[in-house]
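Presented below is the structure to which this report refers.
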Amino acid sequence: MKKLFLTLMAWSLLVSLTFAKSNKVARDLEDKNASDVVDVIVQFRQVPTDAHHQKVINKGGQFKHELGLVKGGLYSLPAGALEDLAADPDVAYVSPDRPVQGLLDYANPTVGADLALGSGWDGNGVGVALIDSGINDVWDLKVGTSKTQTRIVYNQSFLATGTKTSDEFGHGTHVAGILAGNGNYAATWTCSFRVFRGAAPRAKLINLRVLDANGAGTDSGVISAIQQAVNLKTKYNIRVINLSLGRPVYESYKTDPLCQAVEQAWKAGIVVVAAAGNEGRNNSFGNDGYATIGSPGNDPYVITVGAMKTMGTLSRNDDLVASYSSKGPSLLDHVVKPDLVAPGNRIISLLASKSLLQAKSSVNLVPYSYYQYTSSPGTSCDYFRLSGTSMATPLVSGAAALLLQQNPKLTPDQVKARLMKTASKAFPSVSIATDPLTGVIYTSQYDIFTVGAGYLDVWAALNNSDLAKGTALSPVAAYDPASGQVGLVYDSSAVWGDSAVWGNSAVWSNTAVWGNNVFLSGTSAVWGNSAVWGNSAVWGNQSTTAFSAVWGNSAVWGNGTSGSSSANNTLNAATGVSSPGAVNIAIYGDN
C-alpha cells in the first residue's frame with residue numbers, strides 16, 4: 001500500500017510538473033487554480049526593498065516577512081498572478097514555502113570521539129546552531145554537573161503558531177544529546193556501567209526551533225533560522241549549523257531557496273552539516289534507492305551525512321551501512337552525495353519527556369538495565385533510542401566542532417576536506433540487511449553514492465594537519481553515452497584537483513573496495529578507464545537494474561546529460577516524494 005501511495009504521488013507530481021510555463025516559477029506550483037492563495041518564497045536579483053514588496057502587493061499579494069539571506073521574502077499570493085510576477089526582470093525565482101521534516105555508547109568509540117575527549121577536545125567554546133524541533137534544557141546539556149547553568153545559550157522559535165522553544169516532538173533534544181550531551185544522568189548513578197556522551201560534550205548550543213509538535217516545518221522557517229544563525233555568529237561563536245531535516249528535491253540546488261540559504265551560511269564561515277535522508281530503500285522507479293538525497297543535502301557546499309550501523313560493538317570493523325540511508329547522486333544536478341557516513345542506527349541519546357516520539361515509539365524506550373546494574377523492569381526517563389541519518393548528522397557536526405576548537409582558523413572548506421580525506425575507506429563490497437518487521441531483504445553496495453568519501457574518523461581528523469587551499473565543493477557525476485560509463489567532474493576551484501594531497505584516490509578510493517577501476521584523476525581524462533559506474537566498474541551485474549533506471553536511455557535522466565529534457569527532469573523530482581526526515585526515523589530502524 002505504501003509503495004502504491006508513493007507511486008501515485010510521484011505520478012501526480014510528474015503530471016503537474018510537465019506543463020510548467022516559466023522556468024522562473026517552480027513546477028510544483030503549476031497545478032494550482034488561479035484563485036488559490038499560496039505561500040511562496042520570491043527570490044529577487046537583489047535584496048528586496050519596499051518597492052519590490054509593493055510589486056507583489058500590487059498583484060494581490062501580502063508580504064509576510066523578509067528572507068534577506070536568499071535575497072527574498074515570504075508572500076501570500078493568488079496563483080493566477082505567479083506568471084505575471086515571474087515576468088518581472090527583478091524576480092529571479094518563485095517557489096512554494098515547502099514543508100520540511102526532521103530527518104552513543106557504541107557510536108563515539110566507533111568514530112574515535114572517545115579518544116578525542118580523552119585528549120581534551122570536547123568542543124569547549126564552539127557554538128553549534130541546532131535547527132530542529134527545539135531542545136529541552138535537560139541535565140546532560142548543562143555546564144559540567146551543574147543543574148542550573150545551561151549550555152543552551154540562545155533560544156528562538158520560527159514557527160508561525162507560537163514562541164515555545166521546548167521540544168514537543170522529541171527529535172531536537174535527541175539530536176542535541178548526540179552532538180553535545182555530557183552524560184550527567186547516567187554518570188551520577190553509582191550503579192551505571194554505561195555513560196551516553198555526545199561528540200562535543202562542552203559545546204554551546206543555539207536552539208533555533210523550526211519543527212512543530214508533529215515534526216513538520218517550512219522552507220521559510222528554516223531559512224529564517226539560518227539567517228539568525230549568521231546574525232548571531234560572532235556573539236555566540238557559531239561555527240557549525242546542524243540540519244537533521246530536509247525535504248524532497250524539486251529543482252536544481254542553484255535555484256532552491258533552501259540550498260541558497262545554506263550556501264550563504266557556508267560563505268559566512270559556518271560549517272553546515274545536513275542529513276542525507278532515509279530513502280535508501282525506496283525502489284519506486286527501479287532505482288534501488290539511488291538518487292534519493294534530500295534538500296539541502298543535495299547542495300555541493302554542505303557536508304551531507306549518511307548512516308551506518310555500529311552492530312552493537314566498539315569496533316568499526318564489523319559496521320555496515322544502514323539500508324535506509326539515502327544514496328546519490330543528487331537529482332537533477334548529479335552531485336556526488338553523501339560526503340561521509342557516521343553511526344546513525346539505534347542510537348541512544350536524550351529523551352524529550354512527554355514528546356510525541358516518546359508517546360508513539362515505545363519500542364525505542366531504553367531499559368534501565370541497559371546501563372545500570374538493576375533488576376528494575378522499568379524504562380529510562382532520560383534516554384531514548386532512534387535511527388536515521390538525522391542521528392548520524394550531529395556526530396559529524398560534533399566532529400567539526402572539535403576541529404574548530406583545535407584550530408579556530410579553519411574554514412568550512414578545510415573542515416569538510418579534512419573530514420572527508422581522513423574518513424576510513426575500509427568497507428566490504430556488499431552487505432545484506434533484513435527488515436525485522438517485514439522480512440524484506442535489502443542489498444547495499446559500498447560505492448561512492450552510498451558511503452561517499454568514507455566513515456567518519458574523528459581521531460584521524462584531529463591528527464591530520466593538511467589545509468585545503470581551494471573549495472571543497474562535492475564533485476558532479478557525469479554520464480558518457482558513448483562509453484556507457486560515469487565519471488567525476490569537479491569545479492575548477494575545488495581542492496580535489498591537487499592530486500598530490502587531495503586527489504580522488506586520496507579522498508575517495510580504497511583499492512580493497514574499488515580494485516583497479518577507481519575514479520578520475522583530474523579533468524583532462526574525463527572518461528578514461530577509471531569510471532565510477534559502468535560496465536567495468538565495481539558495481540558489476542548486481543546493479544544493472546539500478547544503473548538502467550538512473551543512467552540508461554529510458555531513465556529518469558534521459559540520456560544522462562546535463563541537457564536532459566524537462567519531462568525527464570520532472571521524473572527526478574517525482575522520485576523524491578517521501579520526505580527524508582523525522583517521519584521515517586522510527587519506521588526504518590534497521591537491525
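As shown in the C-alpha cells, the chain order sets the letters A, B, ...; within each chain, residues go from 1, and ligands are also counted from 1 in the order they appear.
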- Task: Looking only at alpha helix (DSSP H) from DSSP on the backbone, list the matching residues of region 386-484 of chain A as number ranges by chain.
- Result: A: 389-406, 412-422, 448-451, 458-462
- Item | Residues within 9 Å of Ala176 (chain A), only C-alpha atoms, excluding chain neighbours under 3 positions, as a count of residues only | 14
- Who sits within 7 Å of Gln405 (chain A), only C-alpha atoms, same chain under 5 positions skipped, as an NGL selection string: :A and (123-124 or 126)
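If you measure from each of A:His174, A:Arg209, A:Lys327, A:His65 to Val40 (chain A) using only C-alpha atoms, the closest one turns out to be A:His65.
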- Query: Smallest atom-to-atom distance to Asn287 (chain A): which of A:Pro329, A:Phe384, A:Val458, A:Asp167, using only C-alpha atoms?
  - Reply: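 Of all the options, A:Pro329 lies closest to Asn287 (chain A).
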- Identify, with DSSP run on backbone atoms, the residues in region 29-91 of chain A assigned to strand (DSSP E), and express the list as a VMD selection string. chain A and resid 37 to 44 62 to 67 72 to 78 91
Selection above as a file: C-alpha atoms, as a PDB file, in the first residue's frame:
ATOM      1  CA  VAL A  37      -3.857  31.701  -2.479  1.00  0.00           C
ATOM      2  CA  VAL A  38      -0.401  30.184  -1.980  1.00  0.00           C
ATOM      3  CA  ASP A  39       2.528  30.971   0.294  1.00  0.00           C
ATOM      4  CA  VAL A  40       5.572  31.499  -1.895  1.00  0.00           C
ATOM      5  CA  ILE A  41       9.221  32.433  -1.493  1.00  0.00           C
ATOM      6  CA  VAL A  42      10.182  35.029  -4.076  1.00  0.00           C
ATOM      7  CA  GLN A  43      13.919  35.374  -4.713  1.00  0.00           C
ATOM      8  CA  PHE A  44      14.908  38.688  -6.305  1.00  0.00           C
ATOM      9  CA  GLN A  62       0.594  40.019   1.000  1.00  0.00           C
ATOM     10  CA  PHE A  63       4.123  40.479   2.332  1.00  0.00           C
ATOM     11  CA  LYS A  64       4.747  38.206   5.345  1.00  0.00           C
ATOM     12  CA  HIS A  65       8.420  38.603   6.230  1.00  0.00           C
ATOM     13  CA  GLU A  66      11.937  39.154   4.911  1.00  0.00           C
ATOM     14  CA  LEU A  67      14.247  36.347   3.792  1.00  0.00           C
ATOM     15  CA  GLY A  72      13.858  37.202  -0.991  1.00  0.00           C
ATOM     16  CA  GLY A  73      10.716  37.327   1.032  1.00  0.00           C
ATOM     17  CA  LEU A  74       7.730  35.196   2.011  1.00  0.00           C
ATOM     18  CA  TYR A  75       4.420  36.249   0.466  1.00  0.00           C
ATOM     19  CA  SER A  76       0.834  35.065   0.114  1.00  0.00           C
ATOM     20  CA  LEU A  77      -0.309  35.461  -3.478  1.00  0.00           C
ATOM     21  CA  PRO A  78      -3.078  34.242  -5.812  1.00  0.00           C
ATOM     22  CA  VAL A  91      12.416  38.397  -9.952  1.00  0.00           C
TER      23      VAL A  91
END
- Task: Quick one: everything within 12 Å of Val175 (chain A), counting only C-alpha atoms, minus sequence neighbours fewer than 2 positions away in the same chain. Send it as a PyMOL selection string.
- Result: chain A and resi 102-104+128-136+141+167+169-173+177-181+197-199+205+207+242-245+275+344+347-352+383-398+582+585
- Go ahead and compute the interatomic distance for CA of Asn464 (chain A) and CA of Ile270 (chain A), in Å to one decimal.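 We find that CA of Asn464 (chain A) and CA of Ile270 (chain A) lie 20.6 Å from each other.
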- Test item: residues at most 10 Å from Leu467 (chain A), only C-alpha atoms, excluding those fewer than 4 positions along its chain, as a list of chain:residue names: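 Using only C-alpha atoms, the neighbours found are A:Leu410, A:Thr411, A:Asp413, A:Gln414, A:Val415, A:Ala417, A:Arg418, A:Val495, A:Val501, A:Trp502.
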- Message: I'd like the neighbourhood of Pro475 (chain A) as a PyMOL selection string, where a residue qualifies if any of its atoms comes within 6 Å (using only C-alpha atoms), though same-chain residues fewer than 6 positions away should be ignored.
- Response: chain A and resi 335-336+489-490
Those selected residues, please, written with N, CA and C atoms and delivered as a PDB file, in the first residue's frame.
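File produced: part_32.pdb:
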ATOM      1  N   VAL A 335      25.066  15.734  -8.215  1.00  0.00           N
ATOM      2  CA  VAL A 335      26.157  15.967  -7.272  1.00  0.00           C
ATOM      3  C   VAL A 335      26.444  14.669  -6.517  1.00  0.00           C
ATOM      4  N   VAL A 336      27.727  14.359  -6.332  1.00  0.00           N
ATOM      5  CA  VAL A 336      28.117  13.140  -5.630  1.00  0.00           C
ATOM      6  C   VAL A 336      27.836  13.310  -4.137  1.00  0.00           C
ATOM      7  N   VAL A 489      33.471  14.930 -12.313  1.00  0.00           N
ATOM      8  CA  VAL A 489      33.907  16.232 -12.805  1.00  0.00           C
ATOM      9  C   VAL A 489      33.772  17.193 -11.636  1.00  0.00           C
ATOM     10  N   TYR A 490      34.836  17.954 -11.358  1.00  0.00           N
ATOM     11  CA  TYR A 490      34.763  18.859 -10.224  1.00  0.00           C
ATOM     12  C   TYR A 490      35.060  20.288 -10.631  1.00  0.00           C
TER      13      TYR A 490
END
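The space between CA of Asn364 (chain A) and CA of Cys191 (chain A) spans 22.3 Å.
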- Message: Just the number, please: distance in Å from CA of Gln54 (chain A) to CA of Ala87 (chain A), one decimal.
- Response: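 Value for the CA of Gln54 (chain A)-CA of Ala87 (chain A) distance: 15.4 Å.
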